[in-house]
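Student: Below is the file input36.csv, with CSV, C-alpha atoms and all ligand atoms.
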```csv
chain,number,residue,atom,x,y,z
V,1,MET,CA,65.8,116.5,88.8
V,2,GLY,CA,63.4,114.6,91.0
V,3,ASP,CA,65.5,112.1,92.7
V,4,ASP,CA,66.3,108.8,91.2
V,5,ALA,CA,68.2,108.0,94.4
V,6,ASN,CA,65.8,105.4,95.5
V,7,ILE,CA,65.4,103.7,92.1
V,8,THR,CA,67.7,100.8,91.1
V,9,TYR,CA,67.7,100.4,87.4
V,10,THR,CA,68.7,97.2,85.5
V,11,LEU,CA,70.2,96.4,82.2
V,12,GLU,CA,66.7,96.5,80.6
V,13,THR,CA,65.7,99.8,82.2
V,14,ILE,CA,68.9,101.9,82.0
V,15,PRO,CA,67.5,105.5,81.6
V,16,GLU,CA,68.0,107.7,78.6
V,17,ARG,CA,69.1,111.3,78.6
V,18,LYS,CA,66.3,113.9,78.8
V,19,GLY,CA,67.0,116.8,76.5
V,20,SER,CA,70.4,118.3,77.0
V,21,GLU,CA,71.1,116.8,80.5
V,22,LYS,CA,74.3,114.9,81.3
V,23,LEU,CA,73.9,111.4,82.8
V,24,TYR,CA,76.1,109.6,85.3
V,25,ALA,CA,75.7,106.3,87.1
V,26,VAL,CA,77.1,103.9,89.6
V,27,ILE,CA,77.2,100.3,88.4
V,28,GLY,CA,77.5,97.3,90.8
V,29,ASP,CA,75.8,94.3,92.2
V,30,PRO,CA,74.4,94.8,94.8
V,31,VAL,CA,74.0,98.6,94.3
V,32,ALA,CA,70.7,99.4,95.9
V,33,HIS,CA,72.4,100.6,99.1
V,34,SER,CA,74.7,103.0,97.3
V,35,LEU,CA,74.7,106.6,98.6
V,36,SER,CA,76.5,107.9,95.5
V,37,PRO,CA,73.3,109.2,93.8
V,38,GLN,CA,72.5,111.3,96.8
V,39,MET,CA,76.0,112.6,96.9
V,40,HIS,CA,76.5,113.5,93.2
V,41,ASN,CA,73.0,114.8,92.6
V,42,ALA,CA,73.4,117.2,95.6
V,43,ALA,CA,76.6,118.5,94.0
V,44,PHE,CA,74.9,118.9,90.6
V,45,ARG,CA,72.1,120.9,92.3
V,46,ALA,CA,74.6,123.0,94.2
V,47,LEU,CA,76.4,124.0,91.0
V,48,GLU,CA,73.1,124.2,89.0
V,49,LEU,CA,74.2,121.7,86.5
V,50,ASN,CA,71.7,120.0,84.3
V,51,SER,CA,73.0,116.5,85.2
V,52,ARG,CA,71.6,113.4,86.8
V,53,TYR,CA,73.2,110.4,88.5
V,54,VAL,CA,71.5,107.0,88.8
V,55,LYS,CA,72.3,103.6,90.1
V,56,ILE,CA,72.2,100.5,87.9
V,57,ARG,CA,72.4,96.9,89.0
V,58,LEU,CA,74.5,94.9,86.5
V,59,THR,CA,75.5,91.3,87.1
V,60,PRO,CA,79.0,90.2,86.0
V,61,GLU,CA,77.4,88.5,83.0
V,62,GLU,CA,75.7,91.8,82.1
V,63,LEU,CA,78.7,94.1,82.5
V,64,ARG,CA,79.8,94.2,78.9
V,65,ALA,CA,76.3,94.7,77.6
V,66,GLY,CA,75.6,97.3,80.3
V,67,ILE,CA,78.7,99.3,79.4
V,68,GLU,CA,77.7,99.2,75.7
V,69,GLN,CA,74.3,100.7,76.7
V,70,LEU,CA,76.0,103.5,78.7
V,71,ARG,CA,78.1,104.3,75.6
V,72,LEU,CA,75.1,104.2,73.2
V,73,LYS,CA,73.0,106.3,75.6
V,74,GLY,CA,75.7,108.9,75.9
V,75,TYR,CA,76.5,108.6,79.7
V,76,SER,CA,79.2,111.2,80.5
V,77,GLY,CA,80.8,109.0,83.2
V,78,TRP,CA,80.2,106.3,85.8
V,79,ASN,CA,81.4,104.9,89.1
V,80,VAL,CA,82.1,101.2,89.4
V,81,THR,CA,81.7,99.3,92.6
V,82,VAL,CA,81.8,95.6,93.7
V,83,PRO,CA,82.2,93.3,91.8
V,84,HIS,CA,83.1,95.2,88.6
V,85,LYS,CA,86.2,97.2,89.4
V,86,VAL,CA,88.5,94.6,87.8
V,87,GLY,CA,86.1,93.7,85.0
V,88,MET,CA,85.9,97.4,84.0
V,89,PHE,CA,89.7,97.6,83.9
V,90,GLY,CA,89.6,95.2,81.0
V,91,LEU,CA,87.1,97.4,79.1
V,92,VAL,CA,89.0,100.6,79.2
V,93,GLU,CA,91.5,101.5,76.4
V,94,SER,CA,94.9,100.6,77.8
V,95,GLU,CA,96.4,104.0,76.8
V,96,ARG,CA,93.6,105.7,78.8
V,97,LEU,CA,94.5,104.5,82.3
V,98,SER,CA,95.5,106.8,85.1
V,99,PRO,CA,98.8,105.9,87.0
V,100,GLU,CA,96.7,104.7,90.0
V,101,VAL,CA,94.7,102.3,87.8
V,102,ARG,CA,97.9,101.0,86.2
V,103,LEU,CA,99.0,100.3,89.8
V,104,VAL,CA,95.9,98.6,91.2
V,105,HIS,CA,94.4,97.1,87.9
V,106,ALA,CA,90.9,98.2,89.1
V,107,VAL,CA,88.7,101.1,87.9
V,108,ASN,CA,86.2,102.9,90.1
V,109,THR,CA,85.6,105.9,87.9
V,110,VAL,CA,85.1,106.2,84.1
V,111,LEU,CA,85.1,109.3,82.0
V,112,HIS,CA,83.3,108.7,78.6
V,113,ASP,CA,84.4,110.8,75.7
V,114,ASN,CA,82.9,110.1,72.3
V,115,GLY,CA,82.9,106.3,72.7
V,116,LEU,CA,86.3,106.2,74.4
V,117,PHE,CA,86.6,105.3,78.1
V,118,GLU,CA,89.2,106.7,80.4
V,119,GLY,CA,89.7,104.8,83.7
V,120,PHE,CA,90.6,106.1,87.1
V,121,SER,CA,90.8,104.8,90.6
V,122,THR,CA,90.0,107.4,93.3
V,123,ASP,CA,89.8,105.0,96.3
V,124,GLY,CA,93.5,105.4,97.3
V,125,ARG,CA,93.5,109.2,97.0
V,126,GLY,CA,90.1,109.3,98.7
V,127,TRP,CA,91.3,107.3,101.6
V,128,TRP,CA,94.4,109.4,102.0
V,129,ALA,CA,92.4,112.7,102.0
V,130,ALA,CA,89.8,111.1,104.4
V,131,VAL,CA,92.5,110.1,106.9
V,132,GLU,CA,94.1,113.6,106.7
V,133,GLU,CA,90.7,115.1,107.4
V,134,THR,CA,89.7,112.8,110.2
V,135,LEU,CA,92.8,111.6,111.9
V,136,LEU,CA,96.3,112.8,111.1
V,137,PRO,CA,98.2,114.6,108.3
V,138,ASN,CA,100.5,112.7,105.9
V,139,PRO,CA,99.5,109.1,106.8
V,140,GLY,CA,102.4,107.8,104.7
V,141,HIS,CA,104.9,109.2,107.2
V,142,HIS,CA,103.6,106.7,109.8
V,143,ARG,CA,103.9,103.0,110.4
V,144,ILE,CA,100.7,101.4,109.1
V,145,LEU,CA,99.1,98.1,109.8
V,146,ILE,CA,96.6,97.0,107.1
V,147,VAL,CA,94.1,94.4,108.2
V,148,GLY,CA,92.6,92.5,105.2
V,149,ALA,CA,94.0,91.8,101.7
V,150,GLY,CA,90.9,91.8,99.6
V,151,GLY,CA,90.3,94.3,96.8
V,152,SER,CA,90.4,97.3,99.2
V,153,GLY,CA,93.4,96.1,101.2
V,154,GLN,CA,95.4,95.5,98.0
V,155,SER,CA,94.4,98.9,96.5
V,156,LEU,CA,95.3,100.8,99.7
V,157,ALA,CA,98.6,99.0,100.2
V,158,LEU,CA,99.7,99.6,96.6
V,159,PHE,CA,98.5,103.2,96.7
V,160,ILE,CA,100.3,104.0,99.9
V,161,ALA,CA,103.5,102.5,98.6
V,162,TYR,CA,103.2,104.4,95.3
V,163,PHE,CA,102.2,107.7,96.8
V,164,CYS,CA,105.0,107.6,99.4
V,165,THR,CA,107.5,106.8,96.6
V,166,VAL,CA,106.2,109.9,94.6
V,167,GLN,CA,106.6,112.0,97.8
V,168,ASN,CA,110.1,110.6,98.5
V,169,THR,CA,108.9,109.1,101.7
V,170,THR,CA,109.5,105.4,102.6
V,171,ALA,CA,106.2,103.7,103.5
V,172,ARG,CA,106.4,101.3,106.4
V,173,LEU,CA,103.6,98.8,106.0
V,174,THR,CA,102.6,95.5,107.7
V,175,LEU,CA,99.8,93.4,106.2
V,176,THR,CA,97.7,90.8,107.9
V,177,ASN,CA,94.9,88.7,106.5
V,178,ARG,CA,92.9,85.6,107.3
V,179,SER,CA,94.3,84.1,104.0
V,180,ALA,CA,98.0,84.9,104.5
V,181,ASN,CA,98.9,84.0,100.9
V,182,LYS,CA,97.0,87.0,99.7
V,183,ALA,CA,98.9,89.3,102.0
V,184,HIS,CA,102.2,87.7,100.8
V,185,ALA,CA,101.1,88.3,97.2
V,186,ILE,CA,100.6,92.0,97.8
V,187,ALA,CA,103.9,92.3,99.7
V,188,ASP,CA,105.6,90.6,96.7
V,189,LEU,CA,104.0,93.1,94.3
V,190,ILE,CA,105.1,96.0,96.4
V,191,ALA,CA,108.7,94.6,96.6
V,192,GLN,CA,108.8,94.4,92.8
V,193,ARG,CA,107.2,97.8,92.1
V,194,HIS,CA,108.4,99.9,95.0
V,195,PRO,CA,111.6,98.3,96.3
V,196,GLY,CA,112.2,101.1,98.7
V,197,THR,CA,109.0,100.3,100.7
V,198,SER,CA,109.2,98.4,103.9
V,199,CYS,CA,106.4,95.8,103.7
V,200,ALA,CA,106.1,92.9,106.2
V,201,VAL,CA,103.4,90.3,106.7
V,202,ALA,CA,102.1,89.3,110.1
V,203,LYS,CA,100.7,85.8,110.4
V,204,THR,CA,100.9,84.5,113.9
V,205,SER,CA,99.1,86.1,116.9
V,206,GLU,CA,102.5,87.1,118.3
V,207,GLU,CA,103.4,88.8,115.0
V,208,ILE,CA,100.1,90.6,114.9
V,209,SER,CA,100.5,91.8,118.5
V,210,HIS,CA,103.9,93.1,117.7
V,211,ALA,CA,102.6,94.8,114.5
V,212,ILE,CA,99.9,96.5,116.5
V,213,SER,CA,102.4,97.7,119.1
V,214,GLU,CA,104.7,99.1,116.4
V,215,ALA,CA,101.9,100.7,114.3
V,216,ASP,CA,100.8,104.4,114.5
V,217,LEU,CA,97.8,103.8,112.2
V,218,ILE,CA,95.7,100.6,111.9
V,219,ILE,CA,93.2,100.2,109.1
V,220,ASN,CA,90.5,97.6,108.9
V,221,THR,CA,89.8,96.8,105.2
V,222,THR,CA,88.0,93.5,105.8
V,223,SER,CA,84.3,93.2,105.5
V,224,LEU,CA,84.1,92.0,109.2
V,225,GLY,CA,81.9,94.4,111.1
V,226,LEU,CA,79.2,94.9,108.5
V,227,LYS,CA,77.0,92.4,110.4
V,228,PRO,CA,76.2,92.9,114.1
V,229,ASP,CA,77.4,89.4,115.1
V,230,ASP,CA,80.6,89.6,113.1
V,231,GLU,CA,83.8,88.8,115.0
V,232,ILE,CA,86.5,91.4,115.4
V,233,PRO,CA,89.2,90.9,112.6
V,234,ILE,CA,92.2,91.0,115.0
V,235,LYS,CA,92.5,91.0,118.7
V,236,LEU,CA,93.2,94.4,120.1
V,237,PRO,CA,95.2,95.2,123.3
V,238,ASP,CA,93.7,97.1,126.2
V,239,ASP,CA,95.9,100.2,125.6
V,240,LEU,CA,96.0,101.8,122.2
V,241,SER,CA,96.5,105.4,123.4
V,242,GLY,CA,98.4,107.5,120.9
V,243,LYS,CA,97.3,105.3,118.0
V,244,TYR,CA,94.9,106.0,115.1
V,245,VAL,CA,92.4,103.4,113.8
V,246,TYR,CA,90.4,103.8,110.6
V,247,ASP,CA,87.7,101.3,109.5
V,248,LEU,CA,86.6,101.4,105.8
V,249,ILE,CA,83.1,100.3,107.0
V,250,TYR,CA,80.6,103.2,107.7
V,251,ASN,CA,77.4,101.3,108.1
V,252,PRO,CA,77.2,100.6,111.0
V,253,ALA,CA,78.8,103.9,112.0
V,254,GLU,CA,80.9,102.2,114.7
V,255,THR,CA,82.0,98.5,114.2
V,256,THR,CA,83.0,96.4,117.1
V,257,PHE,CA,86.6,97.0,115.9
V,258,LEU,CA,86.3,100.8,116.1
V,259,ARG,CA,84.4,100.7,119.4
V,260,THR,CA,87.0,98.4,121.0
V,261,ALA,CA,89.9,100.6,119.6
V,262,LYS,CA,88.2,103.8,121.0
V,263,ALA,CA,87.7,102.2,124.4
V,264,ALA,CA,91.4,101.4,124.4
V,265,GLY,CA,92.3,105.1,123.9
V,266,ALA,CA,92.8,105.2,120.1
V,267,LYS,CA,91.5,108.0,117.9
V,268,THR,CA,89.1,106.5,115.4
V,269,ALA,CA,87.2,107.3,112.2
V,270,ASN,CA,84.9,105.3,110.0
V,271,GLY,CA,84.8,105.0,106.1
V,272,LEU,CA,82.2,107.6,105.5
V,273,SER,CA,84.9,110.2,104.9
V,274,MET,CA,86.6,107.9,102.3
V,275,LEU,CA,83.2,107.5,100.5
V,276,LEU,CA,83.0,111.3,100.4
V,277,TRP,CA,86.5,111.9,99.1
V,278,GLN,CA,86.5,109.2,96.5
V,279,GLY,CA,83.3,110.7,95.2
V,280,ALA,CA,84.7,114.2,95.3
V,281,TYR,CA,87.7,113.1,93.2
V,282,ALA,CA,85.4,111.4,90.7
V,283,PHE,CA,83.3,114.5,90.5
V,284,ARG,CA,86.4,116.6,89.7
V,285,ILE,CA,87.5,114.1,87.0
V,286,TRP,CA,84.1,114.6,85.3
V,287,HIS,CA,84.3,118.4,85.7
V,288,PRO,CA,87.9,119.3,85.1
V,289,GLY,CA,87.4,123.0,84.8
V,290,LEU,CA,86.0,123.6,88.3
V,291,SER,CA,87.2,126.7,90.2
V,292,GLU,CA,88.4,126.4,93.8
V,293,GLU,CA,85.1,127.9,94.9
V,294,GLN,CA,83.1,125.4,92.8
V,295,LYS,CA,85.1,122.6,94.3
V,296,ALA,CA,84.3,123.8,97.8
V,297,ILE,CA,80.6,124.2,97.0
V,298,SER,CA,80.3,120.7,95.5
V,299,LEU,CA,82.2,119.1,98.3
V,300,ALA,CA,80.0,120.9,100.9
V,301,ALA,CA,76.9,119.6,99.1
V,302,MET,CA,78.2,116.1,99.0
V,303,ARG,CA,79.1,116.2,102.6
V,304,CYS,CA,75.6,117.4,103.6
V,305,ALA,CA,74.0,114.8,101.4
V,306,LEU,CA,76.0,112.0,103.1
V,307,GLU,CA,75.2,113.4,106.6
V,308,ASP,CA,71.5,113.6,105.8
V,309,ALA,CA,71.4,110.1,104.3
V,310,THR,CA,73.3,108.4,107.2
V,311,GLY,CA,72.5,110.6,110.2
V,312,GLN,CA,76.3,110.8,110.8
V,313,LYS,CA,78.5,113.9,111.2
V,314,LEU,CA,81.6,114.1,109.1
V,315,PRO,CA,84.5,116.0,110.6
V,316,GLU,CA,85.9,118.9,108.5
V,317,ARG,CA,89.4,119.2,109.8
V,318,PRO,CA,91.9,116.9,111.5
V,319,ALA,CA,90.9,116.1,115.1
V,320,SER,CA,93.7,117.3,117.3
K,1,LIG,N1,84.4,103.6,102.7
K,1,LIG,C1,84.5,103.3,101.5
K,1,LIG,O1,84.5,104.2,100.6
K,1,LIG,C2,84.8,101.9,101.1
K,1,LIG,C3,85.4,101.7,99.8
K,1,LIG,C4,85.7,100.3,99.5
K,1,LIG,C5,85.4,99.3,100.3
K,1,LIG,N2,84.8,99.6,101.5
K,1,LIG,C6,84.5,98.5,102.5
K,1,LIG,O2,85.6,97.7,102.7
K,1,LIG,C7,85.3,96.4,103.0
K,1,LIG,C8,86.1,95.4,102.2
K,1,LIG,O3,85.8,95.6,100.8
K,1,LIG,P1,86.6,94.7,99.7
K,1,LIG,O4,86.1,95.2,98.3
K,1,LIG,O5,88.1,94.8,99.9
K,1,LIG,O6,86.1,93.2,99.9
K,1,LIG,P2,86.8,91.9,99.5
K,1,LIG,O7,87.7,92.1,98.3
K,1,LIG,O8,85.7,90.9,99.4
K,1,LIG,O9,87.7,91.5,100.7
K,1,LIG,C9,87.2,91.1,102.0
K,1,LIG,C10,88.3,91.0,103.0
K,1,LIG,O10,87.6,90.7,104.3
K,1,LIG,C11,88.2,89.5,104.8
K,1,LIG,N3,87.2,88.7,105.4
K,1,LIG,C12,86.0,88.4,105.0
K,1,LIG,N4,85.3,87.6,105.9
K,1,LIG,C13,86.2,87.3,106.9
K,1,LIG,C14,86.2,86.5,108.0
K,1,LIG,N5,85.1,85.8,108.4
K,1,LIG,N6,87.3,86.5,108.8
K,1,LIG,C15,88.4,87.1,108.5
K,1,LIG,N7,88.5,87.9,107.4
K,1,LIG,C16,87.4,88.0,106.6
K,1,LIG,C17,88.8,88.8,103.6
K,1,LIG,O11,89.8,87.8,104.0
K,1,LIG,P3,90.2,86.6,103.0
K,1,LIG,O12,91.1,87.2,102.0
K,1,LIG,O13,90.8,85.6,103.9
K,1,LIG,O14,88.9,86.1,102.4
K,1,LIG,C18,89.4,90.0,102.8
K,1,LIG,O15,90.6,90.4,103.3
K,1,LIG,C19,83.8,96.3,102.7
K,1,LIG,O16,83.1,96.3,104.0
K,1,LIG,C20,83.4,97.5,101.9
K,1,LIG,O17,82.1,97.9,102.1
K,1,LIG,C21,84.5,100.9,101.9
```
How does this structure look as structure tokens?

Tutor:
Amino acid sequence: MGDDANITYTLETIPERKGSEKLYAVIGDPVAHSLSPQMHNAAFRALELNSRYVKIRLTPEELRAGIEQLRLKGYSGWNVTVPHKVGMFGLVESERLSPEVRLVHAVNTVLHDNGLFEGFSTDGRGWWAAVEETLLPNPGHHRILIVGAGGSGQSLALFIAYFCTVQNTTARLTLTNRSANKAHAIADLIAQRHPGTSCAVAKTSEEISHAISEADLIINTTSLGLKPDDEIPIKLPDDLSGKYVYDLIYNPAETTFLRTAKAAGAKTANGLSMLLWQGAYAFRIWHPGLSEEQKAISLAAMRCALEDATGQKLPERPAS
């Protein structure tokens, strides 16, 4: 299979299938940093599948033409990353959208069947599984403060409200964001779709301090922390003992936000586990007949590939 993991293809160079192999891809812009090829190719090797996963940089202007190429070249499926998750939503047949996609209006996984595209979003479920594995079971049973109301903040807030409703649990959410209007827009959506959910917005520093003191789980969904000189997205108190803090960022492995939370006594985890689990759910969508053993083998291979690529260690069971 060689490894295409280091090659970033473009609209002009999208590879063709070799013989009877199945092809998969991640499309985005930028996409060169993506670890999805390492993760999925490791799972293909572990299950001895004649499949290959590549990364393709497509600009927003190239998205429609790129998708047409993937269709013509017979790609079996693809992942969609920034900035195409909403654009891809518009290119999937409306009757072929999973409940999560109908909820968040964004697609991160496509299954291609004879020219028809089926759209899924595995980010929410991936986040949930990641938190269960790294921090605490049933995150929806706890009071959650979501910091950030961009694409990920919105997806997570909507998914938590939806999943708690499905499980007959009342989600208790507070949202905070630099641009408070976006947090209010999400809270309004949740109020319409899941009226049983408690969803507040914290704007002032007093309201944010109060939300931190009330929360069991705090999630950073902002992009602050990607760069070494980034500010911390919200001011954290000196004592966070008994609380759980999850940061969607995994590179760097420990943002200032996570480091500060850990020093204040919180249990912390970064977004590498979410990357793993959203990928594992995508893999299962593309391979619906997997046995439990095959699921375990592919997950273990993906986990090792991510650990090798990042030098980080992923926990396998909830930290007690
Ligand atoms: N681990 C995973 O699998 C995974 C999956 C998805 C995303 N992520 C990570 O999650 C992060 C967010 O992604 P996204 O797609 O949601 O991005 P996005 O849609 O661009 O949203 C960015 C968020 O960050 C906030 N922000 C940006 N600069 C800020 C600043 N200087 N001060 C305060 N807030 C600021 C934005 O606030 P405003 O609304 O005020 O602009 C917004 O809430 C990224 O780091 C991404 O890599 C990880």

Student: For stretch 4-34 of chain V against stretch 99-111 of chain V, with a cut-off of 10 Å and counting all atoms listed in the file, what is the closest atom pair and its distance in Å to one decimal for every residue that makes the cut, ordered by chain and number, as JSON lines?

Tutor:
```
{"residue": "V:Tyr24", "atom": "CA", "partner": "V:Leu111", "partner_atom": "CA", "distance": 9.6}
{"residue": "V:Ala25", "atom": "CA", "partner": "V:Val110", "partner_atom": "CA", "distance": 9.9}
{"residue": "V:Val26", "atom": "CA", "partner": "V:Thr109", "partner_atom": "CA", "distance": 8.9}
{"residue": "V:Ile27", "atom": "CA", "partner": "V:Asn108", "partner_atom": "CA", "distance": 9.5}
```

Student: Pick out the residues sitting within 10 Å of V:Pro137, and hand them over as JSON, numbers by chain; count all atoms listed in the file, and ignore anything fewer than 6 positions along from it in its own chain.

Tutor: {"V": [128, 129, 130, 131, 318]}

Student: Return as an MDAnalysis selection string every polymer residue, whether protein, DNA or RNA, with at least one atom no more than 6 Å from an atom of ligand LIG 1 (chain K); count only C-alpha atoms and all ligand atoms.

Tutor: chainID V and resid 148:153 177:179 221:224 233 248:249 271:272 274:275

Student: Counting all atoms listed in the file, select every polymer residue within 7 Å of (97.6, 99.7, 112.9) as defined in the file's coordinates, and provide the selection as a list in words.

Tutor: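 Those residues, ordered by chain and then number, are Ile144, Leu145, Ile146, Ile212, Ala215, Asp216, Leu217, Ile218, Ile219 and Val245 of chain V.
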
Student: Quick one, how far is atom CA of V:Glu118 from atom CA of V:His194?

Tutor: 25.1 Å

Student: Kindly give the distance, in Å, that separates atom CA of V:Ala46 and atom CA of V:Ala280, rounded to a single decimal.

Tutor: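 Between these atoms lies a distance of 13.4 Å.
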
Student: Could you tell me how far atom CA of V:Pro83 lies from atom CA of V:Lys203, in Å and to one decimal?

Tutor: 27.3 Å

Student: Which is closer to V:Ala301 than all the others in V:Ala65, V:Ala43, V:Ile7, V:Val166, using all atoms listed in the file?

Tutor: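 For V:Ala301, the nearest of the given residues is V:Ala43.
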
Student: List as a PyMOL selection string the protein and nucleic acid residues near V:Ala191, meaning an atom at most 12 Å away when all atoms listed in the file are counted, but skip any in the same chain fewer than 6 places from it.

Tutor: chain V and resi 157-158+161-162+171+173+184-185+197-200

Student: Taking the point (89.8, 108.8, 77.1) as given in the file, collect each protein or nucleic acid residue that comes within 10 Å of it, counting all atoms listed in the file, and present the set as a PyMOL selection string.

Tutor: chain V and resi 92-97+110-119

Student: With distances taken over all atoms listed in the file, which of V:Lys182, V:Lys235, V:Lys262, V:Lys73 is nearest to V:Glu207?

Tutor: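 Comparing V:Lys182, V:Lys235, V:Lys262, V:Lys73 against V:Glu207, the winner is V:Lys235.
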
Student: Here is a test: counting only C-alpha atoms, which residue of V:Leu276, V:Cys164, V:Leu91, V:Val31 is nearest to V:Thr134?

Tutor: V:Leu276

Student: Quick one: residues within 12 Å of V:Arg284, all atoms listed in the file counted, chain neighbours fewer than 5 positions away excluded, as a PyMOL selection string?

Tutor: chain V and resi 40+43-44+77+109-111+120+122+277-279+289-292+294-296+298-299

Student: Print the selection's residues with C-alpha atoms to a file, as a CSV table (one decimal), keeping the file's coordinate frame.

Tutor:
```
chain,number,residue,atom,x,y,z
V,40,HIS,CA,76.5,113.5,93.2
V,43,ALA,CA,76.6,118.5,94.0
V,44,PHE,CA,74.9,118.9,90.6
V,77,GLY,CA,80.8,109.0,83.2
V,109,THR,CA,85.6,105.9,87.9
V,110,VAL,CA,85.1,106.2,84.1
V,111,LEU,CA,85.1,109.3,82.0
V,120,PHE,CA,90.6,106.1,87.1
V,122,THR,CA,90.0,107.4,93.3
V,277,TRP,CA,86.5,111.9,99.1
V,278,GLN,CA,86.5,109.2,96.5
V,279,GLY,CA,83.3,110.7,95.2
V,289,GLY,CA,87.4,123.0,84.8
V,290,LEU,CA,86.0,123.6,88.3
V,291,SER,CA,87.2,126.7,90.2
V,292,GLU,CA,88.4,126.4,93.8
V,294,GLN,CA,83.1,125.4,92.8
V,295,LYS,CA,85.1,122.6,94.3
V,296,ALA,CA,84.3,123.8,97.8
V,298,SER,CA,80.3,120.7,95.5
V,299,LEU,CA,82.2,119.1,98.3
```

Student: Given the choices V:Thr8, V:Ser76, V:Ser51, V:Ser36, which gets closest to V:Glu21 if the distance is worked out from only C-alpha atoms?

Tutor: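 Distance minimum relative to V:Glu21 lands on V:Ser51.
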
Student: Which of these, V:Ala180, V:Pro228, V:Tyr9, V:Leu136, has the shortest distance to V:Lys243 once you count only C-alpha atoms?

Tutor: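 Closest candidate: V:Leu136.
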
Student: When distances are computed from all atoms listed in the file, which of V:Ile208, V:Ala261, V:Val54, V:Ala300 shows the smallest separation from V:Ala5?

Tutor: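 Counting all atoms listed in the file, the residue closest to V:Ala5 is V:Val54.
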
Student: Output stretch 219-244 of chain V from the block with C-alpha atoms, as a PDB file, in the first residue's frame?

Tutor:
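The result, stored in decode-v4.pdb:
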```pdb
ATOM      1  CA  ILE V 219     -14.916  21.814  27.097  1.00  0.00           C
ATOM      2  CA  ASN V 220     -12.713  24.121  25.044  1.00  0.00           C
ATOM      3  CA  THR V 221     -13.985  24.097  21.465  1.00  0.00           C
ATOM      4  CA  THR V 222     -12.233  27.321  20.442  1.00  0.00           C
ATOM      5  CA  SER V 223      -9.122  27.329  18.297  1.00  0.00           C
ATOM      6  CA  LEU V 224      -7.267  29.242  21.044  1.00  0.00           C
ATOM      7  CA  GLY V 225      -4.290  27.177  22.146  1.00  0.00           C
ATOM      8  CA  LEU V 226      -3.187  26.016  18.707  1.00  0.00           C
ATOM      9  CA  LYS V 227      -0.425  28.653  18.748  1.00  0.00           C
ATOM     10  CA  PRO V 228       2.057  28.890  21.656  1.00  0.00           C
ATOM     11  CA  ASP V 229       1.339  32.580  22.332  1.00  0.00           C
ATOM     12  CA  ASP V 230      -2.464  32.214  22.245  1.00  0.00           C
ATOM     13  CA  GLU V 231      -4.369  33.592  25.216  1.00  0.00           C
ATOM     14  CA  ILE V 232      -6.438  31.276  27.401  1.00  0.00           C
ATOM     15  CA  PRO V 233     -10.098  31.369  26.197  1.00  0.00           C
ATOM     16  CA  ILE V 234     -11.602  31.917  29.688  1.00  0.00           C
ATOM     17  CA  LYS V 235      -9.999  32.752  33.011  1.00  0.00           C
ATOM     18  CA  LEU V 236      -9.871  29.676  35.246  1.00  0.00           C
ATOM     19  CA  PRO V 237      -9.987  29.744  39.067  1.00  0.00           C
ATOM     20  CA  ASP V 238      -7.160  28.333  41.215  1.00  0.00           C
ATOM     21  CA  ASP V 239      -9.241  25.380  42.417  1.00  0.00           C
ATOM     22  CA  LEU V 240     -10.868  23.048  39.903  1.00  0.00           C
ATOM     23  CA  SER V 241     -10.630  19.882  41.957  1.00  0.00           C
ATOM     24  CA  GLY V 242     -13.397  17.402  41.175  1.00  0.00           C
ATOM     25  CA  LYS V 243     -13.937  18.897  37.710  1.00  0.00           C
ATOM     26  CA  TYR V 244     -13.195  17.495  34.256  1.00  0.00           C
TER      27      TYR V 244
END
```
